[in-house]
Amino acid sequence: MFSKIMELSGHEAVTTSNADEALALAVRHHPDLMFTDFQMPEKDGLEVIKALRGQEETQRLPIFVVSANADENLGERVLEAGGQGFLRKPLRLDALLITIQNCLEGNYS
């Protein structure tokens, strides 16, 4: 669904369900922004953010975490880890598109 929304709004999407592959893809593809799920088998979204912040190629990559099962402090923890924000699932299309547009215009935390 996520990649379909990105493509329908005129953006290229590169997807994976594996955290380690996501890290490699981020370095290889130099994306304009990244969305990562919070709950993944190998690493959670916060670990992905920290790993990307530790690499020169991805230090400035805007990263947003999405999750359906998040505690009330997840948004704060995302910011502390170096992410730009948190979106709760199910994603609202309007909120997602606004987040993408703001990010691409450089209007994020």
# chains A, B, ... in the order shown; residues from 1 in each chain; ligands from 1

call {"tool": "residues_around", "arguments": {"residues": "Ala51 of chain A", "least_positions_apart": "4", "cutoff": "8 Å", "atoms": "only C-alpha atoms", "output": "number ranges by chain"}}
result
A: 23, 47, 55

call {"tool": "write_last_selection", "arguments": {"atoms": "C-alpha atoms", "output": "PDB file, in the first residue's frame"}}
result
ATOM      1  CA  LEU A  23      19.941  -0.004   5.654  1.00  0.00           C
ATOM      2  CA  GLU A  47      17.674   0.890  15.728  1.00  0.00           C
ATOM      3  CA  GLN A  55      26.818   6.421   8.434  1.00  0.00           C
TER       4      GLN A  55
END

call {"tool": "residues_around", "arguments": {"residues": "Asn69 of chain A", "least_positions_apart": "2", "cutoff": "10 Å", "atoms": "only C-alpha atoms", "output": "list in words"}}
result
Phe38, Gln39, Val66, Ser67, Asp71, Glu72, Leu74, Arg88 and Lys89 of chain A

call {"tool": "write_last_selection", "arguments": {"atoms": "C-alpha atoms", "output": "CSV table (one decimal), in the first residue's frame"}}
result
chain,number,residue,atom,x,y,z
A,38,PHE,CA,8.7,0.4,14.2
A,39,GLN,CA,8.2,-3.3,14.7
A,66,VAL,CA,5.2,4.2,11.3
A,67,SER,CA,3.4,1.8,13.7
A,71,ASP,CA,3.2,3.5,23.2
A,72,GLU,CA,2.5,7.1,23.9
A,74,LEU,CA,7.2,6.6,20.7
A,88,ARG,CA,0.3,6.0,13.5
A,89,LYS,CA,-1.2,3.2,11.4

call {"tool": "residues_around", "arguments": {"residues": "Ile49 of chain A", "least_positions_apart": "5", "cutoff": "10 Å", "atoms": "only C-alpha atoms", "output": "list in words"}}
result
Leu23, Met34, Thr36, Asp44, Gly54, Thr58, Gln59, Leu61, Pro62, Ile63, Phe64, Val65, Val78, Leu79, Ala81, Gly82, Gly83 and Gln84 of chain A

call {"tool": "closest_residue", "arguments": {"among": "A:Val48, A:Arg60, A:Pro90, A:Glu105", "to": "Glu21 of chain A", "atoms": "only C-alpha atoms"}}
result
A:Val48

call {"tool": "select_by_dssp", "arguments": {"residues": "segment 18-100 of chain A", "states": "strand (DSSP E)", "output": "list in words"}}
result
Met34, Phe35, Thr36, Asp37, Ile63, Phe64, Val65, Val66, Ser67, Gly85, Phe86, Leu87 and Arg88 of chain A

call {"tool": "closest_residue", "arguments": {"among": "A:Asp37, A:Gly85, A:Ala70, A:Leu8", "to": "Asn102 of chain A", "atoms": "only C-alpha atoms"}}
result
A:Gly85

call {"tool": "closest_residue", "arguments": {"among": "A:Arg77, A:Glu56, A:Leu87, A:Gln101", "to": "Met6 of chain A", "atoms": "only C-alpha atoms"}}
result
A:Gln101

call {"tool": "closest_residue", "arguments": {"among": "A:Arg53, A:His29, A:Lys43, A:Arg92", "to": "Glu12 of chain A", "atoms": "only C-alpha atoms"}}
result
A:His29

call {"tool": "atom_distance", "arguments": {"atom1": "atom CA of His11 of chain A", "atom2": "atom CA of Leu52 of chain A"}}
result
21.6 Å

call {"tool": "residues_around", "arguments": {"residues": "Ser9 of chain A", "least_positions_apart": "3", "cutoff": "12 Å", "atoms": "only C-alpha atoms", "output": "JSON, numbers by chain"}}
result
{"A": [2, 3, 4, 5, 6, 12, 13, 93, 94, 96, 97, 98, 100, 101]}

call {"tool": "atom_distance", "arguments": {"atom1": "atom CA of Asp20 of chain A", "atom2": "atom CA of Pro41 of chain A"}}
result
10.3 Å

call {"tool": "select_by_dssp", "arguments": {"residues": "chain A", "states": "alpha helix (DSSP H)", "output": "NGL selection string"}}
result
:A and (2-8 or 19-29 or 45-53 or 74-81 or 93-104)

call {"tool": "atom_distance", "arguments": {"atom1": "atom CA of Gly75 of chain A", "atom2": "atom CA of Ala95 of chain A"}}
result
15.4 Å

call {"tool": "closest_residue", "arguments": {"among": "A:Leu25, A:Met1, A:Glu7, A:Ser17", "to": "Glu57 of chain A", "atoms": "only C-alpha atoms"}}
result
A:Leu25

call {"tool": "decode", "arguments": {"residues": "segment 46-66 of chain A", "atoms": "C-alpha atoms", "output": "CSV table (one decimal), in the first residue's frame"}}
result
chain,number,residue,atom,x,y,z
A,46,LEU,CA,14.7,3.2,16.4
A,47,GLU,CA,17.7,0.9,15.7
A,48,VAL,CA,17.3,1.6,12.0
A,49,ILE,CA,17.5,5.3,12.6
A,50,LYS,CA,20.5,5.0,14.9
A,51,ALA,CA,22.3,2.8,12.3
A,52,LEU,CA,21.6,5.3,9.5
A,53,ARG,CA,22.7,8.3,11.7
A,54,GLY,CA,26.0,6.5,12.2
A,55,GLN,CA,26.8,6.4,8.4
A,56,GLU,CA,28.0,9.5,6.6
A,57,GLU,CA,25.9,8.9,3.5
A,58,THR,CA,22.6,8.8,5.5
A,59,GLN,CA,23.3,11.2,8.5
A,60,ARG,CA,20.9,13.8,7.0
A,61,LEU,CA,18.3,11.4,5.6
A,62,PRO,CA,14.8,12.4,6.9
A,63,ILE,CA,13.3,9.3,8.6
A,64,PHE,CA,9.8,8.7,9.8
A,65,VAL,CA,8.6,5.8,11.8
A,66,VAL,CA,5.2,4.2,11.3
